[in-house]
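Chemist: Structure below; questions to follow.
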Amino acid sequence: MADKIAVEELNNEQASAELSRLAKELLKANRLYYTQDAPTISDAQYDALKQRNSEIEQKFPELKRDDSPSDKVGAPVSETFSKITHEVKMLSLGNAFTSEDVAEFDTRIRKYLGVPTKDMLLYTAEPKIDGLSLSLRYENSILIHAVTRGDGEVGENVTNNARTIADIPQRLNNAPDIIEIRGEVYMGTADFVALNARQEKLGRKIFANPRNAAAGSLRQLDANITLQRPLKFFAYAWGVASTPLATTQSLAIERMQDMGFVTNPLTQICNGPKALTTHYAKIEEARATLGYDIDGVVYKVDDLTLQARLGFRATTPRWAIAHKFPAEIAHTRIEAIEIQVGRTGALSPVARLLPVTVGGVVVSNATLHNEDYITGRDSKGNLIREGRDIRVGDWVEVYRAGDVIPKIRDVDITKRPDNSKKYEFPTICPECGSLAIREVGDSVARCTGGIICPAQAVEKLKHFVARGAFDIEGLGSKQIEMFFDDTDLRVKEPADIFTLEIRDKNNFTKLKNRDGWGERSADNLFSAINEKRKIPLNKLIYALGIRHVGDTSSTLLAHNYGTWPTFIDAMNQAKDQTGDVWDALNAIDGVGSVLATALVETFSKPETRAAIDRLLDQLDVQAMTQRDTSDSPVAGKTVVFTGTLERMTRAEAKVRAEDLGAKVSGSVSKKTDFVVAGPGAGSKAKKARDLNVTLLSEDEWLELINKTG
Ligand code: IVH
C-alpha cells in the first residue's frame, strides 16, 4: 500500500493515489471533528496526515488536487461552525470613563424612572471580564447548545467546545424549563503564559493576550484542542427564561450559583453612584492579583422590575453600563503620516509608528482623526494638547482603549528633531487625484471623486460584504481587494458580486484555478453569495454605505417603509427635499435632516442610482418583519400624553407606547386616537373633548396596554 511508502520513494501513480487518500481521510477527520458523533483521530495523527500531504504536493506539484486539504490551511476555522439565531439578542454595554459619567448614568436612570433625588437606587457592581461572551441554552436542565455572540443576532454554534469547559455544567439543578445563561469565557493569566510557552516550543501560534487565546481556543474546529486549553467561565446574565430567575440582579446571580454556575466573587450591591465608584476603586486595586484580565466594572440596576421598565436602546441596555479602566499608554515615534480614503471619501490621517507594545499587543498604526487633531484643535476649534501639533518624527504617547484602533494622546516636543516641519494636510485625494474639499463646519476633508475614486469604491465594497451588512462567508476585505483589481473577475460595484459566478464561467482563467483557490473554495464562495440574494431590507439599506446611515438608522428606515418598493418610491418623491414624503421622512423618530439629506442625495445621483438599480436586479429583498405588535391594542394608533404622569415619566411612557407600535405625538388633532391626561392637563384635554378623541387617565392607559403584557 502506498500509504506505507516514504515520500521520497513514491512514483507518480502512487503519489496521486496517496493524495486522493489523504484528501478523503482529512475531509473525514474534519467532519468527525465537527460533528463529534464518532471517535476521531488524535491531534498528532491529524497533523501527520496533513504534513505528508503537503510533502507529496511539494514533490509532485502537478498532482496537487483541486480539493487539496492544504488549501484549507489558514482558512478561518469559523467557516465550518453552524449559525444559530439568538432568541433574545446579545447586547453590548455603553461605556463610562469617569466618576462624572457614572453620576450621569445614575441621574439619567432616575429621571427616566422618575425616582426623586433623595431616594438612592441600588445597583450591582462586578468586574468586566476581558474574554468573549457565550450564551448557553438549557432545556429541562440539559445543555442544548452554546452560541457565541457573533453580531448579537446570529452567533456560532460552539456547543462541542463549550462542553469541554469544566465551569459549564452539562446539567443544571433547580432550573427553569428553558433557560439561557450568558457569561464570559476567559483564560487565566498563568494558564495563558503556560499555553504560549507550549505553543512556542511546538513552533505554533503565539497569542497576543489571554482574550485572543480564549477566543482562538473556543473557536476551534477540533474540540480536542479546546479540551487541552484551560478555559473558564463566569455567568453574569441570561437570555430566554421560561420563568423569572429572581426579582433582583443580585438574587439572580445567587440563583445561577445554585444552578451550578461560577459567578464572580467581587460582585457587590451598591447604594448609589458614590458606592459604585468606591467599589470600582477596590476592584481596580485588586486588578493585578485577580489572575485573569478585566477591563472595567459593570454596573446594573438591581431591581429587575426597574430593569424591565428601563429596557434597551438599539444595542445597549439603559439599565447597565461598563465603567472602563483607563487605557494603557506607551511611548513611540511617528515614522510617517499616511492618508486613508474611506468609503464616504473621508481622508483619514494614520500615523505609522515605530512598533511598540501597548497592553500586550504590538501597535504600529494609530489614528490621527483629522486635520484639526493634527494641528492641535478639537472639532469646536478649542485647543487640545495645549495647541501642540503632531509631526512626522515626533515622539508620542499612544494608548489603546478596548479593541479599537490605537490613538495618540500627546506629543513630547522636547524630543522633536530640529529640522521637523509642520504636517501639511493634502488638498487632493492621494488615491484618485480629485480635489479633496473640507466643507464649512465639517472636520473632515473629503475626496470629491465619488465613484471614480478606486479607494472609495473598494471601501464601499468591503463595507457591503461586512458583518451587519451582507456578511458573505469567505468574502472579506482581502478577497474584495483581489477581485477589484483582477481584470477578469472585475468586482467594481456590489452588483458585480452577484454576477461573479456567471461571468467566471466565461472567463479563460477560472477562479478555481487561481492561487489559493480550488474547485471547492470557489463553489463555496458562489453558494455563500447566492445565499445572500435574499436579504432583509434593513441590511440592504445599511450595506449601501450611505453617509450617516448606520445600523440603527437603517433598521428605523426599514421598519418605517417595510418594503424596498415603498422605500425607493419615497426616496424618489422626496428628492427635491420638499413635500409630504420629505416631511414624513424627517418626522421618523431618530432621522434628522442631515441623514435625510444624505439619503435622498444618494438616491438622486444618476450613476449611484444606476448602480443600485443593477444591484436590485440581483436581489430578492425581504420585507421587514415588523415588530410583533399584532396583539397590541395600540399598534398603529396615535397617542398624546399630557398633564403630569404619576406612574411613569414622559420618556418612559413614550418608549413603551412606541415599543407597542403606537406613534407618540405632541399635539392633538383629528388623527389622534388617544389622549392620556394626567392631573393638570389643560388645553390638550379640552381639544380632545372638542374633537371627540378618546380621553384616558394614566391608569386606564396602563390597563389598556397591559392587557397584552
Ligand atoms: S452584562 C445586557 N456583565 O462585556 C448586558 N457583560 O461590553 C449584557 N462582559 O458583550 C452584558 N463582563 O461580553 C456583562 N460582568 C459582566 C461582563 C460583561 C464582561 C462583556 C460581555 C459584553 C461586553 C459588553
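Letters A, B, ... go to the chains of the C-alpha cells in the order shown; residues in each chain start at 1; ligands are counted from 1 in the same order.
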Report the residues of stretch 414-578 of chain A whose backbone DSSP state falls under strand (DSSP E), written as a PyMOL selection string.
Modeler: chain A and resi 436-437+446-447+534-536
Chemist: List as a PDB file with all heavy atoms, in the first residue's frame the protein and nucleic acid residues lying within 6 Å of ligand 1, with only C-alpha atoms and all ligand atoms counted.
Modeler:
```pdb
ATOM      1  N   LEU A  91     -26.525  41.731  23.707  1.00  0.00           N
ATOM      2  CA  LEU A  91     -26.236  43.168  23.579  1.00  0.00           C
ATOM      3  C   LEU A  91     -24.825  43.494  24.041  1.00  0.00           C
ATOM      4  O   LEU A  91     -24.152  42.678  24.631  1.00  0.00           O
ATOM      5  CB  LEU A  91     -27.236  43.942  24.425  1.00  0.00           C
ATOM      6  CG  LEU A  91     -28.676  43.757  23.976  1.00  0.00           C
ATOM      7  CD1 LEU A  91     -29.615  44.267  25.029  1.00  0.00           C
ATOM      8  CD2 LEU A  91     -28.917  44.451  22.650  1.00  0.00           C
ATOM      9  N   SER A  92     -24.426  44.723  23.759  1.00  0.00           N
ATOM     10  CA  SER A  92     -23.178  45.182  24.362  1.00  0.00           C
ATOM     11  C   SER A  92     -23.521  46.260  25.393  1.00  0.00           C
ATOM     12  O   SER A  92     -24.698  46.495  25.667  1.00  0.00           O
ATOM     13  CB  SER A  92     -22.221  45.682  23.297  1.00  0.00           C
ATOM     14  OG  SER A  92     -22.839  46.650  22.519  1.00  0.00           O
ATOM     15  N   LEU A  93     -22.518  46.883  25.948  1.00  0.00           N
ATOM     16  CA  LEU A  93     -22.754  47.844  27.021  1.00  0.00           C
ATOM     17  C   LEU A  93     -22.260  49.225  26.624  1.00  0.00           C
ATOM     18  O   LEU A  93     -21.254  49.349  25.926  1.00  0.00           O
ATOM     19  CB  LEU A  93     -21.991  47.412  28.282  1.00  0.00           C
ATOM     20  CG  LEU A  93     -22.456  46.133  28.966  1.00  0.00           C
ATOM     21  CD1 LEU A  93     -21.449  45.700  30.012  1.00  0.00           C
ATOM     22  CD2 LEU A  93     -23.824  46.339  29.598  1.00  0.00           C
ATOM     23  N   GLU A 126     -19.767  44.611  39.337  1.00  0.00           N
ATOM     24  CA  GLU A 126     -18.972  43.393  39.190  1.00  0.00           C
ATOM     25  C   GLU A 126     -17.897  43.610  38.132  1.00  0.00           C
ATOM     26  O   GLU A 126     -18.070  44.461  37.248  1.00  0.00           O
ATOM     27  CB  GLU A 126     -19.880  42.231  38.782  1.00  0.00           C
ATOM     28  CG  GLU A 126     -20.431  42.390  37.371  1.00  0.00           C
ATOM     29  CD  GLU A 126     -21.707  41.604  37.107  1.00  0.00           C
ATOM     30  OE1 GLU A 126     -22.722  41.900  37.744  1.00  0.00           O
ATOM     31  OE2 GLU A 126     -21.652  40.715  36.248  1.00  0.00           O
ATOM     32  N   PRO A 127     -16.798  42.872  38.191  1.00  0.00           N
ATOM     33  CA  PRO A 127     -15.733  43.072  37.207  1.00  0.00           C
ATOM     34  C   PRO A 127     -16.223  42.801  35.781  1.00  0.00           C
ATOM     35  O   PRO A 127     -17.083  41.943  35.570  1.00  0.00           O
ATOM     36  CB  PRO A 127     -14.682  42.036  37.605  1.00  0.00           C
ATOM     37  CG  PRO A 127     -14.970  41.700  39.014  1.00  0.00           C
ATOM     38  CD  PRO A 127     -16.451  41.844  39.179  1.00  0.00           C
ATOM     39  N   LYS A 128     -15.690  43.551  34.848  1.00  0.00           N
ATOM     40  CA  LYS A 128     -15.965  43.294  33.432  1.00  0.00           C
ATOM     41  C   LYS A 128     -14.836  42.398  32.926  1.00  0.00           C
ATOM     42  O   LYS A 128     -13.689  42.826  32.815  1.00  0.00           O
ATOM     43  CB  LYS A 128     -16.004  44.600  32.650  1.00  0.00           C
ATOM     44  CG  LYS A 128     -16.352  44.404  31.187  1.00  0.00           C
ATOM     45  CD  LYS A 128     -16.635  45.737  30.524  1.00  0.00           C
ATOM     46  CE  LYS A 128     -17.154  45.568  29.112  1.00  0.00           C
ATOM     47  NZ  LYS A 128     -16.202  44.906  28.220  1.00  0.00           N
ATOM     48  N   ILE A 129     -15.188  41.154  32.691  1.00  0.00           N
ATOM     49  CA  ILE A 129     -14.183  40.158  32.330  1.00  0.00           C
ATOM     50  C   ILE A 129     -13.770  40.358  30.870  1.00  0.00           C
ATOM     51  O   ILE A 129     -14.611  40.516  29.993  1.00  0.00           O
ATOM     52  CB  ILE A 129     -14.766  38.724  32.474  1.00  0.00           C
ATOM     53  CG1 ILE A 129     -15.573  38.586  33.776  1.00  0.00           C
ATOM     54  CG2 ILE A 129     -13.672  37.669  32.395  1.00  0.00           C
ATOM     55  CD1 ILE A 129     -14.818  38.798  35.023  1.00  0.00           C
ATOM     56  N   ASP A 130     -12.466  40.297  30.627  1.00  0.00           N
ATOM     57  CA  ASP A 130     -11.982  40.513  29.264  1.00  0.00           C
ATOM     58  C   ASP A 130     -11.855  39.175  28.542  1.00  0.00           C
ATOM     59  O   ASP A 130     -10.767  38.628  28.405  1.00  0.00           O
ATOM     60  CB  ASP A 130     -10.632  41.238  29.332  1.00  0.00           C
ATOM     61  CG  ASP A 130     -10.308  41.936  28.026  1.00  0.00           C
ATOM     62  OD1 ASP A 130     -11.161  41.923  27.120  1.00  0.00           O
ATOM     63  OD2 ASP A 130      -9.203  42.486  27.921  1.00  0.00           O
ATOM     64  N   LEU A 132     -14.706  36.401  26.005  1.00  0.00           N
ATOM     65  CA  LEU A 132     -15.712  36.515  24.955  1.00  0.00           C
ATOM     66  C   LEU A 132     -17.015  35.940  25.476  1.00  0.00           C
ATOM     67  O   LEU A 132     -17.003  34.960  26.232  1.00  0.00           O
ATOM     68  CB  LEU A 132     -15.264  35.840  23.652  1.00  0.00           C
ATOM     69  CG  LEU A 132     -15.016  34.368  23.682  1.00  0.00           C
ATOM     70  CD1 LEU A 132     -15.305  33.774  22.318  1.00  0.00           C
ATOM     71  CD2 LEU A 132     -13.564  34.125  24.028  1.00  0.00           C
ATOM     72  N   SER A 133     -18.123  36.562  25.093  1.00  0.00           N
ATOM     73  CA  SER A 133     -19.365  36.147  25.719  1.00  0.00           C
ATOM     74  C   SER A 133     -19.957  34.937  25.005  1.00  0.00           C
ATOM     75  O   SER A 133     -19.729  34.702  23.814  1.00  0.00           O
ATOM     76  CB  SER A 133     -20.365  37.292  25.797  1.00  0.00           C
ATOM     77  OG  SER A 133     -20.436  37.938  24.570  1.00  0.00           O
ATOM     78  N   GLU A 184     -19.031  34.974  30.422  1.00  0.00           N
ATOM     79  CA  GLU A 184     -17.779  35.220  29.717  1.00  0.00           C
ATOM     80  C   GLU A 184     -16.867  34.006  29.789  1.00  0.00           C
ATOM     81  O   GLU A 184     -16.618  33.477  30.868  1.00  0.00           O
ATOM     82  CB  GLU A 184     -17.097  36.433  30.369  1.00  0.00           C
ATOM     83  CG  GLU A 184     -16.159  37.165  29.468  1.00  0.00           C
ATOM     84  CD  GLU A 184     -16.867  38.171  28.544  1.00  0.00           C
ATOM     85  OE1 GLU A 184     -18.122  38.200  28.522  1.00  0.00           O
ATOM     86  OE2 GLU A 184     -16.158  38.903  27.850  1.00  0.00           O
ATOM     87  N   TYR A 236     -23.049  35.750  34.216  1.00  0.00           N
ATOM     88  CA  TYR A 236     -23.465  37.051  34.745  1.00  0.00           C
ATOM     89  C   TYR A 236     -24.779  37.577  34.185  1.00  0.00           C
ATOM     90  O   TYR A 236     -25.238  38.642  34.566  1.00  0.00           O
ATOM     91  CB  TYR A 236     -22.372  38.100  34.539  1.00  0.00           C
ATOM     92  CG  TYR A 236     -21.860  38.227  33.119  1.00  0.00           C
ATOM     93  CD1 TYR A 236     -22.680  38.691  32.099  1.00  0.00           C
ATOM     94  CD2 TYR A 236     -20.546  37.884  32.795  1.00  0.00           C
ATOM     95  CE1 TYR A 236     -22.225  38.800  30.813  1.00  0.00           C
ATOM     96  CE2 TYR A 236     -20.080  37.986  31.500  1.00  0.00           C
ATOM     97  CZ  TYR A 236     -20.921  38.455  30.507  1.00  0.00           C
ATOM     98  OH  TYR A 236     -20.475  38.551  29.230  1.00  0.00           O
ATOM     99  N   ALA A 237     -25.376  36.875  33.230  1.00  0.00           N
ATOM    100  CA  ALA A 237     -26.615  37.403  32.630  1.00  0.00           C
ATOM    101  C   ALA A 237     -27.423  36.239  32.066  1.00  0.00           C
ATOM    102  O   ALA A 237     -27.003  35.078  32.131  1.00  0.00           O
ATOM    103  CB  ALA A 237     -26.284  38.409  31.542  1.00  0.00           C
ATOM    104  N   VAL A 298     -18.757  46.524  35.678  1.00  0.00           N
ATOM    105  CA  VAL A 298     -20.097  46.666  35.094  1.00  0.00           C
ATOM    106  C   VAL A 298     -21.098  46.986  36.191  1.00  0.00           C
ATOM    107  O   VAL A 298     -21.123  46.316  37.221  1.00  0.00           O
ATOM    108  CB  VAL A 298     -20.526  45.371  34.364  1.00  0.00           C
ATOM    109  CG1 VAL A 298     -21.896  45.549  33.723  1.00  0.00           C
ATOM    110  CG2 VAL A 298     -19.501  44.973  33.316  1.00  0.00           C
ATOM    111  N   PRO A 317     -28.398  48.081  26.853  1.00  0.00           N
ATOM    112  CA  PRO A 317     -29.476  48.283  27.825  1.00  0.00           C
ATOM    113  C   PRO A 317     -29.367  49.668  28.472  1.00  0.00           C
ATOM    114  O   PRO A 317     -28.262  50.191  28.612  1.00  0.00           O
ATOM    115  CB  PRO A 317     -29.224  47.193  28.863  1.00  0.00           C
ATOM    116  CG  PRO A 317     -27.795  46.812  28.727  1.00  0.00           C
ATOM    117  CD  PRO A 317     -27.363  47.156  27.344  1.00  0.00           C
TER     118      PRO A 317
END
```
Chemist: If we count only C-alpha atoms, what is near A:Ala611 at a cut-off of 10 Å, once residues fewer than 2 positions away on the same chain are taken out, given as an MDAnalysis selection string?
Modeler: chainID A and resid 493:496 606:609 613:616
Chemist: Produce a file of the selected residues containing all heavy atoms, as an mmCIF file, in the first residue's frame.
Modeler:
```cif
data_model
loop_
_atom_site.group_PDB
_atom_site.id
_atom_site.type_symbol
_atom_site.label_atom_id
_atom_site.label_comp_id
_atom_site.auth_asym_id
_atom_site.auth_seq_id
_atom_site.Cartn_x
_atom_site.Cartn_y
_atom_site.Cartn_z
ATOM 1 N N GLU A 493 -18.471 47.052 -8.387
ATOM 2 C CA GLU A 493 -19.632 47.567 -7.645
ATOM 3 C C GLU A 493 -20.398 46.358 -7.101
ATOM 4 O O GLU A 493 -20.210 45.231 -7.567
ATOM 5 C CB GLU A 493 -20.516 48.407 -8.570
ATOM 6 C CG GLU A 493 -21.054 47.607 -9.755
ATOM 7 C CD GLU A 493 -22.032 48.404 -10.595
ATOM 8 O OE1 GLU A 493 -21.632 49.496 -11.048
ATOM 9 O OE2 GLU A 493 -23.174 47.928 -10.794
ATOM 10 N N PRO A 494 -21.278 46.586 -6.103
ATOM 11 C CA PRO A 494 -21.944 45.445 -5.460
ATOM 12 C C PRO A 494 -22.612 44.468 -6.430
ATOM 13 O O PRO A 494 -22.518 43.248 -6.245
ATOM 14 C CB PRO A 494 -22.969 46.122 -4.553
ATOM 15 C CG PRO A 494 -22.311 47.402 -4.163
ATOM 16 C CD PRO A 494 -21.553 47.857 -5.386
ATOM 17 N N ALA A 495 -23.246 44.971 -7.496
ATOM 18 C CA ALA A 495 -23.929 44.056 -8.424
ATOM 19 C C ALA A 495 -22.954 43.026 -8.984
ATOM 20 O O ALA A 495 -23.323 41.868 -9.231
ATOM 21 C CB ALA A 495 -24.572 44.853 -9.560
ATOM 22 N N ASP A 496 -21.681 43.428 -9.168
ATOM 23 C CA ASP A 496 -20.690 42.511 -9.762
ATOM 24 C C ASP A 496 -20.449 41.276 -8.900
ATOM 25 O O ASP A 496 -20.024 40.238 -9.397
ATOM 26 C CB ASP A 496 -19.356 43.239 -9.972
ATOM 27 C CG ASP A 496 -19.484 44.402 -10.945
ATOM 28 O OD1 ASP A 496 -20.459 44.401 -11.737
ATOM 29 O OD2 ASP A 496 -18.626 45.303 -10.903
ATOM 30 N N PRO A 606 -27.424 60.183 -10.529
ATOM 31 C CA PRO A 606 -27.739 59.203 -11.578
ATOM 32 C C PRO A 606 -26.835 57.963 -11.586
ATOM 33 O O PRO A 606 -27.344 56.843 -11.659
ATOM 34 C CB PRO A 606 -27.587 59.995 -12.871
ATOM 35 C CG PRO A 606 -27.653 61.430 -12.472
ATOM 36 C CD PRO A 606 -27.234 61.538 -11.055
ATOM 37 N N GLU A 607 -25.493 58.146 -11.456
ATOM 38 C CA GLU A 607 -24.621 56.951 -11.560
ATOM 39 C C GLU A 607 -24.819 56.039 -10.357
ATOM 40 O O GLU A 607 -24.845 54.810 -10.503
ATOM 41 C CB GLU A 607 -23.118 57.296 -11.630
ATOM 42 C CG GLU A 607 -22.717 58.551 -12.377
ATOM 43 C CD GLU A 607 -22.846 59.784 -11.503
ATOM 44 O OE1 GLU A 607 -22.217 59.813 -10.436
ATOM 45 O OE2 GLU A 607 -23.582 60.726 -11.873
ATOM 46 N N THR A 608 -24.940 56.659 -9.186
ATOM 47 C CA THR A 608 -25.122 55.852 -7.978
ATOM 48 C C THR A 608 -26.440 55.102 -8.070
ATOM 49 O O THR A 608 -26.527 53.908 -7.776
ATOM 50 C CB THR A 608 -25.144 56.759 -6.733
ATOM 51 O OG1 THR A 608 -24.018 57.623 -6.797
ATOM 52 C CG2 THR A 608 -25.107 55.954 -5.467
ATOM 53 N N ARG A 609 -27.460 55.819 -8.522
ATOM 54 C CA ARG A 609 -28.783 55.215 -8.632
ATOM 55 C C ARG A 609 -28.772 54.045 -9.610
ATOM 56 O O ARG A 609 -29.349 52.978 -9.356
ATOM 57 C CB ARG A 609 -29.772 56.299 -9.058
ATOM 58 C CG ARG A 609 -31.194 55.830 -9.168
ATOM 59 C CD ARG A 609 -31.616 55.158 -7.845
ATOM 60 N NE ARG A 609 -32.879 54.499 -8.053
ATOM 61 C CZ ARG A 609 -34.049 55.105 -7.914
ATOM 62 N NH1 ARG A 609 -34.115 56.363 -7.508
ATOM 63 N NH2 ARG A 609 -35.156 54.451 -8.147
ATOM 64 N N ASP A 613 -29.745 50.233 -8.872
ATOM 65 C CA ASP A 613 -30.741 49.500 -9.667
ATOM 66 C C ASP A 613 -30.168 48.190 -10.205
ATOM 67 O O ASP A 613 -30.837 47.157 -10.216
ATOM 68 C CB ASP A 613 -31.253 50.368 -10.828
ATOM 69 C CG ASP A 613 -32.119 51.526 -10.314
ATOM 70 O OD1 ASP A 613 -32.548 51.471 -9.140
ATOM 71 O OD2 ASP A 613 -32.346 52.484 -11.086
ATOM 72 N N ARG A 614 -28.894 48.243 -10.661
ATOM 73 C CA ARG A 614 -28.267 46.998 -11.151
ATOM 74 C C ARG A 614 -28.183 45.983 -10.015
ATOM 75 O O ARG A 614 -28.402 44.786 -10.213
ATOM 76 C CB ARG A 614 -26.855 47.293 -11.685
ATOM 77 C CG ARG A 614 -26.847 47.936 -13.067
ATOM 78 C CD ARG A 614 -25.442 47.937 -13.667
ATOM 79 N NE ARG A 614 -24.547 48.879 -13.026
ATOM 80 C CZ ARG A 614 -24.437 50.173 -13.351
ATOM 81 N NH1 ARG A 614 -25.180 50.684 -14.319
ATOM 82 N NH2 ARG A 614 -23.589 50.957 -12.707
ATOM 83 N N LEU A 615 -27.878 46.453 -8.812
ATOM 84 C CA LEU A 615 -27.800 45.548 -7.660
ATOM 85 C C LEU A 615 -29.164 44.928 -7.373
ATOM 86 O O LEU A 615 -29.285 43.720 -7.179
ATOM 87 C CB LEU A 615 -27.295 46.319 -6.431
ATOM 88 C CG LEU A 615 -27.391 45.585 -5.093
ATOM 89 C CD1 LEU A 615 -26.464 44.373 -5.082
ATOM 90 C CD2 LEU A 615 -27.040 46.510 -3.928
ATOM 91 N N LEU A 616 -30.185 45.770 -7.390
ATOM 92 C CA LEU A 616 -31.530 45.280 -7.050
ATOM 93 C C LEU A 616 -32.023 44.206 -8.014
ATOM 94 O O LEU A 616 -32.796 43.332 -7.638
ATOM 95 C CB LEU A 616 -32.513 46.449 -6.958
ATOM 96 C CG LEU A 616 -32.772 46.972 -5.541
ATOM 97 C CD1 LEU A 616 -33.496 45.928 -4.700
ATOM 98 C CD2 LEU A 616 -31.498 47.373 -4.812
#
```
Chemist: Just the number, please: distance in Å from atom CA of A:Arg149 to atom CA of A:Met90, one decimal.
Modeler: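 Atom CA of A:Arg149 sits 6.1 Å away from atom CA of A:Met90.
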Chemist: Would you please work out which residue, of A:Leu511, A:Ile502, A:Ile144, A:Ala246, is nearest to A:Gln479 when using only C-alpha atoms?
Modeler: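 For A:Gln479, the nearest of the given residues is A:Leu511.
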Chemist: Could you tell me which of A:Asp659, A:Asp191, A:Asp589, A:Glu139 comes closest to A:Pro210 if we count only C-alpha atoms?
Modeler: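 Closest candidate: A:Asp191.
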Chemist: Identify which of the residues A:Ser70, A:Ser443, A:Gln58, A:Thr357 lies closest to A:Glu8, counting only C-alpha atoms when measuring atom-to-atom distances.
Modeler: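 Comparing A:Ser70, A:Ser443, A:Gln58, A:Thr357 against A:Glu8, the winner is A:Gln58.
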Chemist: Just list as an mmCIF file with C-alpha atoms, in the first residue's frame whatever in stretch 175-366 of chain A DSSP marks as alpha helix (DSSP H).
Modeler:
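Resulting contents of part_28.cif:
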```
data_model
loop_
_atom_site.group_PDB
_atom_site.id
_atom_site.type_symbol
_atom_site.label_atom_id
_atom_site.label_comp_id
_atom_site.auth_asym_id
_atom_site.auth_seq_id
_atom_site.Cartn_x
_atom_site.Cartn_y
_atom_site.Cartn_z
ATOM 1 C CA THR A 189 -3.150 34.763 33.204
ATOM 2 C CA ALA A 190 -0.963 31.876 34.399
ATOM 3 C CA ASP A 191 -2.664 29.444 32.019
ATOM 4 C CA PHE A 192 -2.149 31.926 29.208
ATOM 5 C CA VAL A 193 1.589 32.216 29.899
ATOM 6 C CA ALA A 194 1.931 28.417 30.080
ATOM 7 C CA LEU A 195 -0.039 27.948 26.861
ATOM 8 C CA ASN A 196 2.180 30.399 24.987
ATOM 9 C CA ALA A 197 5.278 28.630 26.288
ATOM 10 C CA ARG A 198 3.919 25.316 24.955
ATOM 11 C CA GLN A 199 2.938 26.902 21.672
ATOM 12 C CA GLU A 200 6.393 28.377 21.247
ATOM 13 C CA LYS A 201 8.069 25.030 21.893
ATOM 14 C CA PRO A 210 -5.468 35.955 27.174
ATOM 15 C CA ARG A 211 -8.589 37.198 25.389
ATOM 16 C CA ASN A 212 -7.261 36.219 21.963
ATOM 17 C CA ALA A 213 -6.099 32.910 23.381
ATOM 18 C CA ALA A 214 -9.563 32.246 24.814
ATOM 19 C CA ALA A 215 -11.255 33.186 21.536
ATOM 20 C CA GLY A 216 -8.798 31.104 19.495
ATOM 21 C CA SER A 217 -9.340 28.144 21.805
ATOM 22 C CA LEU A 218 -13.123 28.272 21.876
ATOM 23 C CA ALA A 223 -12.980 20.190 20.220
ATOM 24 C CA ASN A 224 -9.992 18.079 21.314
ATOM 25 C CA ILE A 225 -7.859 21.207 21.061
ATOM 26 C CA THR A 226 -10.352 23.188 23.122
ATOM 27 C CA LEU A 227 -10.235 20.383 25.668
ATOM 28 C CA GLN A 228 -6.500 20.918 26.105
ATOM 29 C CA GLN A 249 -29.992 41.040 39.715
ATOM 30 C CA SER A 250 -28.146 40.019 42.881
ATOM 31 C CA LEU A 251 -30.649 37.254 43.662
ATOM 32 C CA ALA A 252 -30.451 36.109 40.048
ATOM 33 C CA ILE A 253 -26.694 35.744 40.479
ATOM 34 C CA GLU A 254 -27.266 33.638 43.598
ATOM 35 C CA ARG A 255 -29.768 31.582 41.651
ATOM 36 C CA MET A 256 -27.195 30.999 38.908
ATOM 37 C CA GLN A 257 -24.774 29.724 41.562
ATOM 38 C CA ASP A 258 -27.444 27.349 42.865
ATOM 39 C CA MET A 259 -27.989 26.059 39.355
ATOM 40 C CA GLY A 272 -25.995 54.969 44.646
ATOM 41 C CA PRO A 273 -23.189 56.211 42.386
ATOM 42 C CA LYS A 274 -20.684 57.020 45.170
ATOM 43 C CA ALA A 275 -20.783 53.434 46.400
ATOM 44 C CA LEU A 276 -20.275 52.289 42.805
ATOM 45 C CA THR A 277 -17.102 54.280 42.326
ATOM 46 C CA THR A 278 -15.807 53.121 45.720
ATOM 47 C CA HIS A 279 -16.250 49.504 44.657
ATOM 48 C CA TYR A 280 -14.650 50.378 41.317
ATOM 49 C CA ALA A 281 -11.546 51.643 43.147
ATOM 50 C CA LYS A 282 -11.410 48.432 45.177
ATOM 51 C CA ILE A 283 -11.609 46.257 42.075
ATOM 52 C CA GLU A 284 -9.046 48.395 40.259
ATOM 53 C CA GLU A 285 -6.657 47.927 43.165
ATOM 54 C CA ALA A 286 -7.140 44.156 43.115
ATOM 55 C CA LEU A 304 -35.393 43.527 37.736
ATOM 56 C CA THR A 305 -38.772 45.269 37.508
ATOM 57 C CA LEU A 306 -36.920 48.530 37.059
ATOM 58 C CA GLN A 307 -34.603 46.896 34.509
ATOM 59 C CA ALA A 308 -37.665 45.844 32.529
ATOM 60 C CA ARG A 309 -39.102 49.356 32.691
ATOM 61 C CA LEU A 310 -35.815 50.845 31.510
#
```
Chemist: One decimal, in Å: what's the spacing between atom CA of A:Leu27 and atom CA of A:Asn530?
Modeler: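 Between atom CA of A:Leu27 and atom CA of A:Asn530 the gap works out to 24.2 Å.
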Chemist: So, with only C-alpha atoms as the atoms that count, which of A:Lys380, A:Thr117, A:Ala610, A:Phe641 lies closest to A:Lys654?
Modeler: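 When distances to A:Lys654 are compared using only C-alpha atoms, the smallest one comes from A:Phe641.
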Chemist: Pick out the residues sitting within 10 Å of A:Thr644, and hand them over as a list in words; count only C-alpha atoms, and ignore anything fewer than 5 positions along from it in its own chain.
Modeler: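 Final neighbour list, sorted by chain and number: Thr649, Arg650, Val676, Ala677, Gly678, Pro679, Gly680, Ala681 and Glu698 of chain A.
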Chemist: Set the distance at 9 Å and use only C-alpha atoms: which residues neighbour A:Ile168 once local chain neighbours fewer than 2 positions away are removed? I'd like the list as a list in words.
Modeler: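 My reading of the contact set: Leu136, Leu143, Ala162, Arg163, Thr164, Ile165, Ala166, Gln170, Arg171, Lys232, Phe233, Phe234, Gly260, Phe261 and Val262 of chain A.
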